[in-house]
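With mmCIF, C-alpha atoms inside, this is model.cif:
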data_upload
#
loop_
_atom_site.group_PDB
_atom_site.id
_atom_site.type_symbol
_atom_site.label_atom_id
_atom_site.label_comp_id
_atom_site.auth_asym_id
_atom_site.auth_seq_id
_atom_site.Cartn_x
_atom_site.Cartn_y
_atom_site.Cartn_z
ATOM 1 C CA MET O 1 -4.741 -16.825 48.541
ATOM 2 C CA LEU O 2 -2.201 -14.086 49.361
ATOM 3 C CA THR O 3 -1.840 -15.485 52.866
ATOM 4 C CA ARG O 4 -0.980 -18.901 51.462
ATOM 5 C CA LEU O 5 1.492 -17.438 48.991
ATOM 6 C CA PHE O 6 3.172 -15.387 51.730
ATOM 7 C CA ALA O 7 3.429 -18.534 53.888
ATOM 8 C CA LEU O 8 5.120 -20.360 51.001
ATOM 9 C CA ILE O 9 7.582 -17.493 50.484
ATOM 10 C CA LEU O 10 8.360 -17.415 54.222
ATOM 11 C CA LEU O 11 8.826 -21.175 54.249
ATOM 12 C CA LEU O 12 11.308 -20.897 51.375
ATOM 13 C CA ILE O 13 13.197 -18.023 53.038
ATOM 14 C CA LEU O 14 13.252 -19.802 56.399
ATOM 15 C CA SER O 15 14.054 -23.236 54.951
ATOM 16 C CA PRO O 16 17.692 -23.175 56.199
ATOM 17 C CA LEU O 17 16.434 -22.501 59.760
ATOM 18 C CA PHE O 18 13.683 -25.083 59.263
ATOM 19 C CA LEU O 19 16.282 -27.704 58.257
ATOM 20 C CA LEU O 20 18.622 -26.750 61.106
ATOM 21 C CA VAL O 21 15.885 -27.147 63.720
ATOM 22 C CA ALA O 22 14.859 -30.472 62.183
ATOM 23 C CA LEU O 23 18.489 -31.632 62.281
ATOM 24 C CA PHE O 24 18.884 -30.719 65.979
ATOM 25 C CA ILE O 25 15.720 -32.666 66.872
ATOM 26 C CA LEU O 26 16.830 -35.610 64.740
ATOM 27 C CA ILE O 27 20.277 -35.743 66.347
ATOM 28 C CA GLU O 28 18.899 -35.472 69.879
ATOM 29 C CA ASP O 29 15.900 -37.795 69.701
ATOM 30 C CA GLY O 30 15.487 -39.197 66.172
ATOM 31 C CA PHE O 31 12.366 -39.267 64.057
ATOM 32 C CA PRO O 32 9.782 -37.877 63.872
ATOM 33 C CA VAL O 33 10.872 -34.242 63.925
ATOM 34 C CA PHE O 34 7.285 -33.032 63.649
ATOM 35 C CA PHE O 35 4.606 -33.217 66.288
ATOM 36 C CA THR O 36 1.045 -33.357 64.995
ATOM 37 C CA GLN O 37 -2.023 -32.861 67.100
ATOM 38 C CA LYS O 38 -5.757 -32.594 66.500
ATOM 39 C CA ARG O 39 -6.841 -28.972 66.881
ATOM 40 C CA VAL O 40 -10.035 -26.972 66.451
ATOM 41 C CA GLY O 41 -10.271 -24.858 63.322
ATOM 42 C CA ILE O 42 -12.800 -22.424 61.928
ATOM 43 C CA ASN O 43 -16.471 -23.187 62.690
ATOM 44 C CA TYR O 44 -15.469 -25.909 65.176
ATOM 45 C CA SER O 45 -13.938 -28.060 62.443
ATOM 46 C CA PHE O 46 -10.831 -30.147 63.137
ATOM 47 C CA PHE O 47 -7.381 -30.336 61.563
ATOM 48 C CA GLN O 48 -3.890 -31.640 62.350
ATOM 49 C CA ILE O 49 -1.507 -28.884 63.451
ATOM 50 C CA TYR O 50 2.179 -29.242 62.599
ATOM 51 C CA LYS O 51 4.866 -28.218 65.072
ATOM 52 C CA PHE O 52 8.478 -29.084 65.640
ATOM 53 C CA ARG O 53 8.708 -31.699 68.351
ATOM 54 C CA SER O 54 10.009 -30.141 71.560
ATOM 55 C CA MET O 55 9.180 -33.109 73.814
ATOM 56 C CA LYS O 56 10.687 -36.585 73.908
ATOM 57 C CA LYS O 57 9.141 -39.421 71.940
ATOM 58 C CA ASN O 58 6.253 -41.217 73.624
ATOM 59 C CA THR O 59 5.324 -38.195 75.774
ATOM 60 C CA LEU O 60 1.575 -38.219 76.413
ATOM 61 C CA ASN O 61 -0.303 -36.164 73.817
ATOM 62 C CA VAL O 62 -1.837 -33.683 76.256
ATOM 63 C CA ALA O 63 -1.377 -30.014 77.108
ATOM 64 C CA THR O 64 2.021 -29.507 78.745
ATOM 65 C CA HIS O 65 0.494 -28.156 81.971
ATOM 66 C CA LEU O 66 -1.327 -31.493 82.442
ATOM 67 C CA LEU O 67 1.935 -33.460 82.594
ATOM 68 C CA THR O 68 3.494 -34.331 85.935
ATOM 69 C CA ASN O 69 6.910 -32.629 85.891
ATOM 70 C CA PRO O 70 6.818 -31.561 82.209
ATOM 71 C CA ALA O 71 10.520 -30.610 82.288
ATOM 72 C CA GLN O 72 11.464 -34.296 82.343
ATOM 73 C CA TYR O 73 9.873 -34.714 78.890
ATOM 74 C CA LEU O 74 11.414 -31.631 77.288
ATOM 75 C CA LEU O 75 14.193 -32.149 74.758
ATOM 76 C CA LYS O 76 17.415 -30.219 75.422
ATOM 77 C CA THR O 77 16.665 -28.196 72.295
ATOM 78 C CA GLY O 78 12.969 -28.074 73.169
ATOM 79 C CA GLY O 79 13.308 -25.304 75.737
ATOM 80 C CA LEU O 80 15.034 -23.043 73.227
ATOM 81 C CA LEU O 81 12.540 -23.931 70.505
ATOM 82 C CA ARG O 82 9.670 -22.931 72.777
ATOM 83 C CA LYS O 83 11.375 -19.814 74.121
ATOM 84 C CA LEU O 84 11.934 -18.518 70.571
ATOM 85 C CA SER O 85 8.626 -20.018 69.323
ATOM 86 C CA LEU O 86 10.564 -21.914 66.652
ATOM 87 C CA ASP O 87 8.442 -24.964 67.384
ATOM 88 C CA GLU O 88 5.617 -23.076 65.644
ATOM 89 C CA LEU O 89 7.462 -22.704 62.290
ATOM 90 C CA PRO O 90 5.687 -25.716 60.757
ATOM 91 C CA ASN O 91 2.392 -23.849 61.290
ATOM 92 C CA LEU O 92 3.322 -22.273 57.934
ATOM 93 C CA ILE O 93 2.329 -25.630 56.393
ATOM 94 C CA ASN O 94 -1.103 -25.276 58.018
ATOM 95 C CA ILE O 95 -1.411 -21.798 56.519
ATOM 96 C CA MET O 96 -0.473 -23.106 53.080
ATOM 97 C CA LYS O 97 -3.169 -25.787 53.475
ATOM 98 C CA GLY O 98 -5.725 -23.066 54.332
ATOM 99 C CA GLU O 99 -6.313 -24.339 57.881
ATOM 100 C CA MET O 100 -4.727 -21.366 59.650
ATOM 101 C CA VAL O 101 -3.775 -17.721 59.107
ATOM 102 C CA PHE O 102 -1.011 -15.561 60.552
ATOM 103 C CA VAL O 103 -3.248 -13.679 63.024
ATOM 104 C CA GLY O 104 -6.255 -15.157 64.788
ATOM 105 C CA PRO O 105 -7.049 -17.093 67.956
ATOM 106 C CA ARG O 106 -4.583 -19.909 68.660
ATOM 107 C CA PRO O 107 -6.190 -23.234 67.726
ATOM 108 C CA ALA O 108 -7.612 -25.006 70.752
ATOM 109 C CA LEU O 109 -6.864 -28.626 71.516
ATOM 110 C CA TYR O 110 -9.643 -30.927 70.291
ATOM 111 C CA ASN O 111 -10.666 -31.635 73.896
ATOM 112 C CA GLN O 112 -10.696 -28.071 75.272
ATOM 113 C CA ASP O 113 -14.479 -28.053 75.447
ATOM 114 C CA ASP O 114 -14.558 -25.312 78.112
ATOM 115 C CA LEU O 115 -12.562 -22.917 75.906
ATOM 116 C CA MET O 116 -14.566 -23.790 72.804
ATOM 117 C CA ALA O 117 -17.914 -23.271 74.578
ATOM 118 C CA LEU O 118 -16.794 -19.735 75.446
ATOM 119 C CA ARG O 119 -15.531 -19.133 71.899
ATOM 120 C CA VAL O 120 -18.804 -20.304 70.355
ATOM 121 C CA ALA O 121 -20.808 -18.065 72.719
ATOM 122 C CA ALA O 122 -18.584 -15.100 71.779
ATOM 123 C CA GLY O 123 -18.659 -15.848 68.030
ATOM 124 C CA VAL O 124 -14.886 -16.316 67.972
ATOM 125 C CA ASP O 125 -15.234 -19.833 66.525
ATOM 126 C CA LYS O 126 -16.001 -18.123 63.177
ATOM 127 C CA LEU O 127 -12.367 -16.947 62.966
ATOM 128 C CA LYS O 128 -9.691 -19.067 61.343
ATOM 129 C CA PRO O 129 -7.031 -19.890 63.947
ATOM 130 C CA GLY O 130 -3.694 -18.095 63.750
ATOM 131 C CA ILE O 131 -0.036 -18.512 64.575
ATOM 132 C CA THR O 132 -0.367 -15.462 66.797
ATOM 133 C CA GLY O 133 -3.232 -13.370 68.072
ATOM 134 C CA TRP O 134 -4.384 -10.560 70.325
ATOM 135 C CA ALA O 135 -4.746 -12.913 73.300
ATOM 136 C CA GLN O 136 -1.271 -14.348 72.622
ATOM 137 C CA ILE O 137 0.453 -10.994 72.935
ATOM 138 C CA ASN O 138 -1.607 -10.011 75.955
ATOM 139 C CA GLY O 139 -0.785 -12.909 78.219
ATOM 140 C CA ARG O 140 -0.543 -16.133 76.230
ATOM 141 C CA ASP O 141 -0.441 -18.866 78.897
ATOM 142 C CA ASP O 142 -0.589 -16.411 81.803
ATOM 143 C CA ILE O 143 -4.292 -15.494 81.452
ATOM 144 C CA SER O 144 -7.539 -17.330 82.155
ATOM 145 C CA ILE O 145 -9.553 -18.814 79.300
ATOM 146 C CA GLU O 146 -12.300 -16.270 80.040
ATOM 147 C CA ARG O 147 -9.835 -13.391 79.556
ATOM 148 C CA LYS O 148 -8.421 -15.100 76.466
ATOM 149 C CA VAL O 149 -11.877 -15.233 74.863
ATOM 150 C CA GLU O 150 -12.578 -11.594 75.820
ATOM 151 C CA LEU O 151 -9.402 -10.597 73.987
ATOM 152 C CA GLU O 152 -10.292 -12.805 71.008
ATOM 153 C CA GLN O 153 -13.733 -11.191 70.853
ATOM 154 C CA GLU O 154 -12.064 -7.771 70.948
ATOM 155 C CA TYR O 155 -9.870 -8.904 68.044
ATOM 156 C CA LEU O 156 -12.970 -10.004 66.111
ATOM 157 C CA GLN O 157 -14.462 -6.523 66.574
ATOM 158 C CA ARG O 158 -11.246 -4.625 65.727
ATOM 159 C CA LYS O 159 -9.986 -6.934 62.955
ATOM 160 C CA SER O 160 -8.124 -5.003 60.237
ATOM 161 C CA VAL O 161 -4.845 -5.135 58.312
ATOM 162 C CA LEU O 162 -3.311 -2.463 60.560
ATOM 163 C CA PHE O 163 -4.413 -4.248 63.727
ATOM 164 C CA ASP O 164 -2.954 -7.509 62.366
ATOM 165 C CA LEU O 165 0.347 -5.726 61.646
ATOM 166 C CA LYS O 166 0.412 -4.345 65.192
ATOM 167 C CA ILE O 167 -0.121 -7.869 66.555
ATOM 168 C CA VAL O 168 2.653 -9.321 64.361
ATOM 169 C CA VAL O 169 5.135 -6.624 65.471
ATOM 170 C CA ARG O 170 4.235 -7.129 69.147
ATOM 171 C CA THR O 171 4.562 -10.895 68.688
ATOM 172 C CA PHE O 172 8.183 -10.493 67.615
ATOM 173 C CA THR O 173 8.989 -8.193 70.538
ATOM 174 C CA ASN O 174 7.288 -10.594 72.980
ATOM 175 C CA VAL O 175 9.284 -13.516 71.578
ATOM 176 C CA LEU O 176 12.533 -11.538 71.866
ATOM 177 C CA PHE O 177 11.825 -10.837 75.527
ATOM 178 C CA SER O 178 10.170 -14.244 76.221
ATOM 179 C CA LYS O 179 7.021 -12.589 77.494
ATOM 180 C CA GLY O 180 4.215 -15.028 78.412
ATOM 181 C CA VAL O 181 6.122 -18.160 77.449
ATOM 182 C CA SER O 182 5.602 -21.292 79.535
ATOM 183 C CA HIS O 183 8.750 -23.270 80.347
#
If you took the structure in this file and wrote it as structure tokens, what would it be?
Amino acid sequence: MLTRLFALILLLILSPLFLLVALFILIEDGFPVFFTQKRVGINYSFFQIYKFRSMKKNTLNVATHLLTNPAQYLLKTGGLLRKLSLDELPNLINIMKGEMVFVGPRPALYNQDDLMALRVAAGVDKLKPGITGWAQINGRDDISIERKVELEQEYLQRKSVLFDLKIVVRTFTNVLFSKGVSH
């Protein structure tokens, strides 16, 4: 309940930034400003994740790395949104709905069966997905799914308030220096 309340407070504090980002997307490419996608939640359940749209309308709904020349689909503001992870701000809505938390494994795409098989075997599927996580700050898109799950399993074993705080602080420093961000 505290997590949800904190997400609401953050959403209220960040609402001017939220509105500004939405306005930039709207001016550049119109509605919708949000991108929703089916993701895997706790215990292999499914939910719709909310993100700011960083790609042009009618872009295929697949992982960016599966697109041929993904740069051609990126909005002008999309690169900056991704670099600063501002596209993830609407994840606060998912936290308020109880589908996500601040720290946990990033929610897999509904069709990432290879990743989910490894997570189930490691017991990581029992964790609620997060905006950031131990694997995110230790490589994000630059590591294999096997390494990602190893790090998520390590998080499961070390999970604590202090460890979560460490991850949140490192997330902000990684974002500032654009470490592990795909372009």
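One distance worth recording is that between atom CA of O:Ile137 and atom CA of O:Asp125, which is 19.1 Å.
Excluding O:Phe6 itself and same-chain residues fewer than 6 positions from it, the residues having an atom within 10 Å of it are Leu12, Leu92, Ile95, Met96 and Phe102 of chain O, counting only C-alpha atoms.
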Within 12 Å of (6.7, -25.4, 58.4) in the file's own coordinates, which protein, DNA or RNA residues have an atom, counting only C-alpha atoms? List them as a PyMOL selection string.
chain O and resi 7-19+21-22+33-36+49-53+86-97+131
Using only C-alpha atoms for the distances, tell me which of O:Phe47, O:Tyr73, O:Phe24, O:Phe31 is nearest to O:Lys128.
O:Phe47
Gap from atom CA of O:Asp141 to atom CA of O:Asp29 - Å, one decimal:
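Spanning atom CA of O:Asp141 to atom CA of O:Asp29 is a straight-line distance of 26.6 Å.
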List every protein, DNA or RNA residue that has at least one atom no more than 12 Å from (7.7, -8.9, 71.7) in the file's coordinates, counting all atoms listed in the file, and write the result as a PyMOL selection string.
chain O and resi 83-85+132+136-140+166-181
Please identify all polymer residues within 9 Å of stretch 106-118 of chain O, counting only C-alpha atoms, omitting same-chain residues fewer than 4 positions from it, and present them as a VMD selection string.
chain O and resid 37 to 42 44 46 49 62 to 63 100 122 to 125 128 to 133 135 to 136 145 to 146 148 to 149
Can you measure atom CA of O:Asn69 to atom CA of O:Leu23 for me? One decimal in Å is fine.
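So the answer is 26.3 Å.
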Nearest-residue call for O:Leu162, choices O:Val103, O:Gln48, O:Gly79, O:Pro70, using all atoms listed in the file
O:Val103
Taking into account all atoms listed in the file, which residue in the set O:Arg158, O:Ile25, O:Leu75, O:Leu127 is nearest to O:Val101?
O:Leu127
Which centre and which edge lengths, in Å to one decimal, describe the axis-aligned box that holds all listed atoms of stretch 113-132 of chain O after 5 Å is added on each side, as AutoDock Vina command-line options?
--center_x -10.4 --center_y -21.6 --center_z 69.7 --size_x 30.8 --size_y 23.0 --size_z 26.8
For O:Arg4, which residue out of O:Trp134, O:Gly98, O:Asp164, O:Thr77 is the nearest one, using all atoms listed in the file?
O:Gly98
